[in-house]
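A quick write-up on the structure given underneath.
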Amino acid sequence: MANYAVVIDLHRCTGCGSCALGCKIENNVPEGIFWCDHIHQTTGVFPEVKYTFIPTMCNHCANAPCVEVCPVNPKAMFKAANGLTLHDVDLCIGCRLCEEACPYGAIFYNEEEPHKFWRDDQPLIRNLTASPREVTERVKGKVLPYYNPDRDTTYPGIRPKNKVEKCSLCDHRLSHGLEPYCNEVCPSAARFFGDLDDANSKVSQLLRKYPHFRLGEELGTEPKVYYIRQYNP
Amino acid sequence: MAEKEKRGLKRRTFLKMTGAALAAAVLSSGCSPRTPEETEGDVTDVITKEAVRPLAQGEWIPSGCAGCVSWCAKEVYVVEGRAIKIRSNARSLVHRGNSCPKTHLALQQVYDPDRVKVPMKRTNPRKGRHEDPGFVPISWDEAAEMIAEKLMELREHKETHKFVLMRGRYTQLNQLLYGRMPAILGSPNNISHSSICAEAEKFGSMYTEGYWDYRDYDVENTKYVLVWGCDPLSSNRQVSHYLNAWGDLLERAEVAVVDPRLSATASKANHWLPVKPGEDAALALALAHVILVDGLWSREFVGDFSDGVNRFAAGETVPEGLFEENYTYGLIAWWNLELKDCTPEWAAERTGIAANKIRLVARRMGEMAPHVIVWLGGGPAMQVRGAYTAMAVHALNGLLGSADNTGGTIRGASVPSKSFPAVDDYLDEITSAGRKHKKIDQRGYKEFPALANANPGSGVVTNRVADAILAEDPYDVKVVFAYWNNFNFSCPEPERWDKAMAKVPFFVHAVTHASEMSMFADLVLPSTHHMFEQWGYLNQKGNGYTHCWLARPLIEPVWDCKDPETEVVWLIAEKLAAKGFTNLLDYCKSIKDPETGAEPQTGLELAEFACKYRLQPIWDPAEYVRGDRFNGWEDFKAAGVWNSPKYTFKTKWDDFGTASGKFEFYSLTLQKALEAHAANHNTTVDDILAICKYLATGEKAFVPHYEPPYIWGEEEEYPLVLVDYKSRMNREGRSANCNWYYEFKDTDPGDERWDDVAKINPRDAAKLGLAGGERVRLISPTGALECTLKLWEGVPPGTVSKTFGQGHWAYGRIAALNFHQRIPRGGNNNDVLPADYERLSGSSAFYALTRVRIETI
């Protein structure tokens, strides 16, 4: 069974946000929720000032605090054999312990039905423009007019309220031999996905070639998202 | 809310933690990572948990993106009639498989609930920002009837010239609506948006190397890149290509960025040169000075002293006749008139860039010449006195021999295409007379030389049209048809446009959204979205290639929308024919299907035939010219994009198309143009320059030279210079109603999600007694806007930096904070920018244009 990891090359990253935008589209991610996200930072004093950008996501930690704290049996937040940290909505009781436990802020809770914007049935100008709900109904979408049905093959396409949701590293795509969508949409070729147990995989090669770090390494969570090189040249 | 706070707290804690970790930047060694230990009992094999369900069987259909002027070839993933994803059309050699972030926002544009669903008619005759237009739905037939009636009235009164067609974004089918329709209707007035884009930038390459266009860059082979006043990783052109190429570029070449703010590109560069706003020319001239004094110019391109002894020394005049130029003209004159005194120390005083830094950059460029790109953007050019700065910056490519050279600045290729038939056979006495009137935008007036193609009055002066309408100078305007534009938002001093459009008796606006400009319309025609719902094509250059992509209707239009460039022309033409004026319909019918010879029977057929007609030399093997080959229309449609052959270097060196045929440091081309304009007004070039707000006299008018910046407002009253720039998420002015725009606003360095921030340096904040996070008003001599203040070190003291893009008071429920009360979300930079111009090109000035003061609200 594979041991999946992501390597992000900060030298190649251009801070454009495509990864997180692509994630929104692929996974029907609601407004305000970011399965895929970023940290940016400005350091120094003008004119010696640097701006850096680090794409982030669920780290699919080997020692996942979110899994550890999940109180149900079997666990709603669980480790898959391929190293992914996945969430089973049917088992989830919405206790939010996982959200609290995650040191990376990568788990999100839907306090209300997600995609509130698209559930609105008020047009801006009566008879001349549409309501968001009307658009979705007209084009036969599902909550979203641009709803991606693929997401629903392994995880609810739109997650229910009173439950959490998080990145699954596009497990629905992996099962079909496709890359996670964040990697696919990255225009800068800065993201790599592969099997750490395969010495010939691109991720293994990159990690042998370059020094690397992971976020919150000192926490002992053993994240599966690795960063190589520096954002600033 | 409590949950949000809780989450927010968690994230802040995390950021603090990672901030410390990142600042330390301690990287582990290059050993293999530890294989994680799996926790027994928590492991499930997800793949075998249940049978793998099939993914949707959609189709990737070729199209293109006109969200910015990168004009990338795209494919749209359509599942059961819905567009759900966008990716690059990897057949394009311009950007290959690479895309950009803002293209994805097109999904939220096409499915935006606030799109206009049906044609709508104004019922309230009073027009104003705070007047409810009282729009009511009408049919397309009624709308076309109304337009035809107004056009026939113009004919009856022999004042067809009082019709004005305004264009914003477009496809190349605009040649029908913008190029041909006004002519057939008898009007000289097709007014583009071009001079609120970056025409003054084109001025730089036009009056040095005879190229009135944006350049391409041979990034693949370059060794030094000096990006100047643009942000190729965010906006400007071929963003998708550069997002991909940048990582490799940084491994191969040195990159410096001249910009008065820490841009996305500056954060990914070896050097950031934060020039003081408006002082770009001083920096460019000093770089040129060092290149000459240090003997770093390209001998191959520029030539040399006949005895090989370098006589360029600071302050020293060089006698003419000692230097033998190869492919350039006027080097010694330029040195003697201007460069000899432009020392790095002189420039340091003006630019704020240290003299030794200027020397370092010049020397590194000289070492790498000719494989150097001096990448001129709109920043230094679109200033009141920007024309000579644009020339000075671009002239560096001449000194270094990088123009039209490997690893340097290059050009695009022409796309094999046919023009629509000439209009001559479709004119009559009335329309011929109408066309002879002056254009409405005052181009060619003494104070608006607008020297686009070395001819006075050949360029457009877009923003002047509002004043021309108000002053009825050269005449009053009666009917306006505008499409895919929003001048009441996108032009400096937009309130002039409010007044002007309120004055126009009959205004038709063909757009996707009820925009600011639409609020003054008598008729709003719902437009198709270019990427998903209509035919069209666009061509663009990048990566040494030029491509041409084809869009087609790939989903059903979401609402009752029509393409203004073809379908609406057809409807108007039919109505005019019914009233006895058949010329426009006859003309439309002359655009036949090149394969069958069939005349179009509907507007939609016209749209497809128009693409086939213009692009026949691409898809028809019998008319093949160059580049990619296709076996017919369906073959080209399936590919969706044509590519030119790869650029060939040095083909222009023997004749740059300038007056001298050479790369001109002393511009005979500009001399000719300015003297022609002066002669038109029976005056001198000195007088023309003075009325255009330039200070130079004599021969300096013909060489790149320094002019102190012309900035509105006195420092005492307005302490900070505004630095205006484009957001990475801007699809020009059309993405502000997408919620992803705001969710990803923080990808603009220094900006915040769901906010519009004016950024000042913390030192200025302390001096001015201001704090970050405050709601503030930015006030300039011509207007004010409201936004949030942010303190940020990426902004030089003395400036306030803010992205353009927000501040809509119309457009939709997100773009405006309150659409019905006309309350904007954020502030529109144009509200503080004076309507001033770089007049030699006709451009609106946007940069180093005004000072502002900041007041807390």
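Ordering of the structure tokens sets the chain letters (A, B, ...); residue numbers start at 1 within each chain; ligands are numbered from 1 in the order shown.
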
Spatial neighbours of Leu91 (chain A), max dist 12 Å, only C-alpha atoms, sep filter under 3 positions, as a short mmCIF file (atom, residue, chain, number, x, y, z; two decimals) with C-alpha atoms, in the first residue's frame:
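What landed in result-v1.cif:
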```
data_model
loop_
_atom_site.label_atom_id
_atom_site.label_comp_id
_atom_site.auth_asym_id
_atom_site.auth_seq_id
_atom_site.Cartn_x
_atom_site.Cartn_y
_atom_site.Cartn_z
CA CYS A 70 -11.96 11.29 17.56
CA PRO A 71 -14.22 9.76 20.23
CA VAL A 72 -16.40 7.47 18.14
CA ASN A 73 -15.77 3.84 17.38
CA PRO A 74 -14.99 3.14 14.63
CA LYS A 75 -13.34 6.51 14.25
CA ALA A 76 -14.93 9.09 11.97
CA MET A 77 -11.51 10.66 11.49
CA PHE A 78 -9.21 7.84 10.50
CA LEU A 86 -9.77 10.78 5.99
CA HIS A 87 -13.12 11.66 7.43
CA ASP A 88 -16.28 9.58 7.40
CA GLY A 94 -19.85 16.81 15.01
CA CYS A 95 -18.11 17.04 18.39
CA LYS A 163 -20.17 18.08 10.82
CA VAL A 164 -16.58 18.87 10.00
#
```

Give me the residues near region 660-662 of chain B as number ranges by chain, where near means some atom within 8 Å (using only C-alpha atoms) and where sequence neighbours in that chain fewer than 3 positions away do not count.
B: 209, 327-329, 653-657, 668-669

With only C-alpha atoms as the counted atoms, please give the residues lying no more than 7 Å from Val78 (chain B), apart from itself and same-chain residues fewer than 5 positions off, as an MDAnalysis selection string.
chainID B and resid 58:60 83:84

Write the residues you've just listed into a file as a compact mmCIF listing (two decimals), in the first residue's frame, and include all heavy atoms for each of them.
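Resulting contents of result.txt:
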```txt
# COMPACT_ATOMS: atom_id res chain seq x y z
N GLY B 58 -17.39 13.85 -18.43
CA GLY B 58 -17.55 15.17 -19.05
C GLY B 58 -16.68 15.28 -20.28
O GLY B 58 -16.04 14.32 -20.71
N GLU B 59 -16.67 16.48 -20.85
CA GLU B 59 -15.88 16.72 -22.05
C GLU B 59 -15.11 18.03 -21.89
O GLU B 59 -15.66 19.03 -21.45
CB GLU B 59 -16.83 16.83 -23.26
CG GLU B 59 -16.10 16.91 -24.58
CD GLU B 59 -17.05 17.16 -25.77
OE1 GLU B 59 -18.27 17.26 -25.55
OE2 GLU B 59 -16.55 17.28 -26.89
N TRP B 60 -13.82 17.98 -22.23
CA TRP B 60 -13.02 19.20 -22.23
C TRP B 60 -13.17 19.86 -23.61
O TRP B 60 -12.78 19.28 -24.61
CB TRP B 60 -11.55 18.89 -21.97
CG TRP B 60 -11.25 18.52 -20.55
CD1 TRP B 60 -11.07 17.27 -20.04
CD2 TRP B 60 -11.08 19.42 -19.44
NE1 TRP B 60 -10.82 17.32 -18.69
CE2 TRP B 60 -10.80 18.63 -18.30
CE3 TRP B 60 -11.13 20.81 -19.30
CZ2 TRP B 60 -10.59 19.19 -17.03
CZ3 TRP B 60 -10.91 21.36 -18.04
CH2 TRP B 60 -10.65 20.56 -16.92
N ALA B 83 -20.63 23.98 -17.11
CA ALA B 83 -19.18 24.20 -17.08
C ALA B 83 -18.72 24.09 -15.64
O ALA B 83 -19.24 24.80 -14.78
CB ALA B 83 -18.86 25.59 -17.62
N ILE B 84 -17.80 23.19 -15.36
CA ILE B 84 -17.39 23.05 -13.95
C ILE B 84 -15.90 23.23 -13.69
O ILE B 84 -15.50 23.39 -12.55
CB ILE B 84 -17.89 21.71 -13.33
CG1 ILE B 84 -17.18 20.51 -13.94
CG2 ILE B 84 -19.40 21.56 -13.46
CD1 ILE B 84 -17.40 19.23 -13.12
```

Quick one: contact table of chain A to chain B, 7 Å max, nearest atom pair and distance in Å to one decimal per residue, counting only C-alpha atoms, chain and number order, as a Markdown table?
```
| residue | atom | partner | partner_atom | distance |
| --- | --- | --- | --- | --- |
| A:His11 | CA | B:Gly247 | CA | 6.1 |
| A:Arg12 | CA | B:Gly247 | CA | 4.4 |
| A:Thr14 | CA | B:Leu243 | CA | 6.4 |
| A:Gly15 | CA | B:Thr747 | CA | 6.5 |
| A:Cys16 | CA | B:Thr747 | CA | 6.1 |
| A:Gly17 | CA | B:Pro101 | CA | 6.2 |
| A:Ser18 | CA | B:Pro101 | CA | 4.4 |
| A:Leu21 | CA | B:Pro101 | CA | 6.9 |
| A:Val45 | CA | B:Glu793 | CA | 5.8 |
| A:Phe46 | CA | B:Glu793 | CA | 5.4 |
| A:Val49 | CA | B:Gly794 | CA | 6.4 |
| A:Lys50 | CA | B:Ser267 | CA | 6.4 |
| A:Tyr51 | CA | B:Ser267 | CA | 5.6 |
| A:Ala62 | CA | B:Pro36 | CA | 5.3 |
| A:Phe78 | CA | B:Asp42 | CA | 5.5 |
| A:Lys79 | CA | B:Val43 | CA | 4.7 |
| A:Ala80 | CA | B:Thr44 | CA | 4.5 |
| A:Ala81 | CA | B:Asp45 | CA | 4.7 |
| A:Pro103 | CA | B:Phe14 | CA | 6.7 |
| A:Tyr104 | CA | B:Phe14 | CA | 6.2 |
| A:Gly105 | CA | B:Arg11 | CA | 5.7 |
| A:Leu124 | CA | B:Asp114 | CA | 6.3 |
| A:Leu128 | CA | B:Lys117 | CA | 5.5 |
| A:Thr129 | CA | B:Val116 | CA | 5.1 |
| A:Ala130 | CA | B:Pro113 | CA | 4.9 |
| A:Ser131 | CA | B:Pro113 | CA | 5.5 |
| A:Pro132 | CA | B:Pro113 | CA | 5.0 |
| A:Val135 | CA | B:Pro113 | CA | 6.1 |
| A:Val139 | CA | B:Arg82 | CA | 6.5 |
| A:Pro145 | CA | B:Tyr111 | CA | 6.6 |
| A:Tyr146 | CA | B:Ile84 | CA | 4.6 |
| A:Tyr147 | CA | B:Ile84 | CA | 6.6 |
| A:Asn148 | CA | B:Ile84 | CA | 6.4 |
| A:Pro149 | CA | B:Ala56 | CA | 6.6 |
| A:Asp150 | CA | B:Leu55 | CA | 5.2 |
| A:Thr153 | CA | B:Arg53 | CA | 5.6 |
| A:Ser175 | CA | B:Ile47 | CA | 6.8 |
| A:Pro187 | CA | B:Asn98 | CA | 4.8 |
| A:Ser188 | CA | B:Asn244 | CA | 4.0 |
| A:Ala189 | CA | B:Asn244 | CA | 6.5 |
| A:Leu207 | CA | B:Ser32 | CA | 6.2 |
| A:Arg208 | CA | B:Gly30 | CA | 5.2 |
| A:Lys209 | CA | B:Gly30 | CA | 6.2 |
| A:Tyr210 | CA | B:Gly30 | CA | 5.3 |
| A:Pro211 | CA | B:Gly30 | CA | 4.3 |
| A:His212 | CA | B:Leu27 | CA | 5.3 |
| A:Phe213 | CA | B:Leu27 | CA | 5.2 |
| A:Leu215 | CA | B:Thr18 | CA | 6.7 |
| A:Gly216 | CA | B:Thr18 | CA | 6.8 |
| A:Glu222 | CA | B:Pro36 | CA | 6.8 |
| A:Asn232 | CA | B:Lys268 | CA | 5.5 |
| A:Pro233 | CA | B:Asn270 | CA | 5.9 |
```

Please list as a ChimeraX atom specification every residue within 7 Å of region 110-121 of chain A, counting only C-alpha atoms and excluding residues in the same chain fewer than 2 positions away.
/A:30-31,108,123,131-134,143-144,160-164

Pick out the residues sitting within 7 Å of region 407-415 of chain B, and hand them over as an MDAnalysis selection string; count only C-alpha atoms, and ignore anything fewer than 2 positions along from it in its own chain.
chainID B and resid 215:223 370:373 402:405 417 541 545:546 644

Leaving out Cys66 (chain A) and any residue of its chain fewer than 2 positions from it, which residues lie within 6 Å of it when counting only C-alpha atoms, given as a ChimeraX atom specification?
/A:64,68-69,98,101-102

Store the residues picked out above in a file with all heavy atoms, as a compact mmCIF listing (two decimals), in the first residue's frame.
```txt
# COMPACT_ATOMS: atom_id res chain seq x y z
N ALA A 64 -1.63 11.60 13.65
CA ALA A 64 -2.64 12.65 13.47
C ALA A 64 -3.40 12.92 14.77
O ALA A 64 -4.15 12.05 15.24
CB ALA A 64 -3.59 12.25 12.36
N GLU A 68 -6.52 10.83 16.76
CA GLU A 68 -6.35 10.40 18.15
C GLU A 68 -7.54 10.82 19.02
O GLU A 68 -8.01 10.07 19.86
CB GLU A 68 -5.06 11.00 18.68
CG GLU A 68 -4.52 10.32 19.90
CD GLU A 68 -3.17 10.94 20.30
OE1 GLU A 68 -2.32 11.10 19.40
OE2 GLU A 68 -3.03 11.29 21.47
N VAL A 69 -8.01 12.03 18.80
CA VAL A 69 -9.07 12.54 19.69
C VAL A 69 -10.48 12.15 19.25
O VAL A 69 -11.43 12.34 20.00
CB VAL A 69 -9.01 14.09 19.83
CG1 VAL A 69 -7.69 14.52 20.42
CG2 VAL A 69 -9.28 14.76 18.48
N CYS A 98 -11.67 17.05 16.79
CA CYS A 98 -10.61 16.99 15.77
C CYS A 98 -10.19 18.39 15.36
O CYS A 98 -9.01 18.69 15.20
CB CYS A 98 -11.09 16.19 14.56
SG CYS A 98 -12.65 16.77 13.86
N ALA A 101 -8.09 19.77 17.93
CA ALA A 101 -6.80 19.08 18.08
C ALA A 101 -5.83 19.40 16.97
O ALA A 101 -4.61 19.35 17.16
CB ALA A 101 -7.04 17.57 18.15
N CYS A 102 -6.35 19.71 15.79
CA CYS A 102 -5.47 19.93 14.65
C CYS A 102 -4.63 21.18 14.87
O CYS A 102 -5.16 22.28 15.00
CB CYS A 102 -6.27 20.08 13.36
SG CYS A 102 -5.20 20.52 11.95
```

As a ChimeraX atom specification, please: every residue in chain A that DSSP puts in strand (DSSP E or B).
/A:4-9,36-45,48-57,77-80,85-87,108-109,142,144,164-165,191-195,212-213,225-228
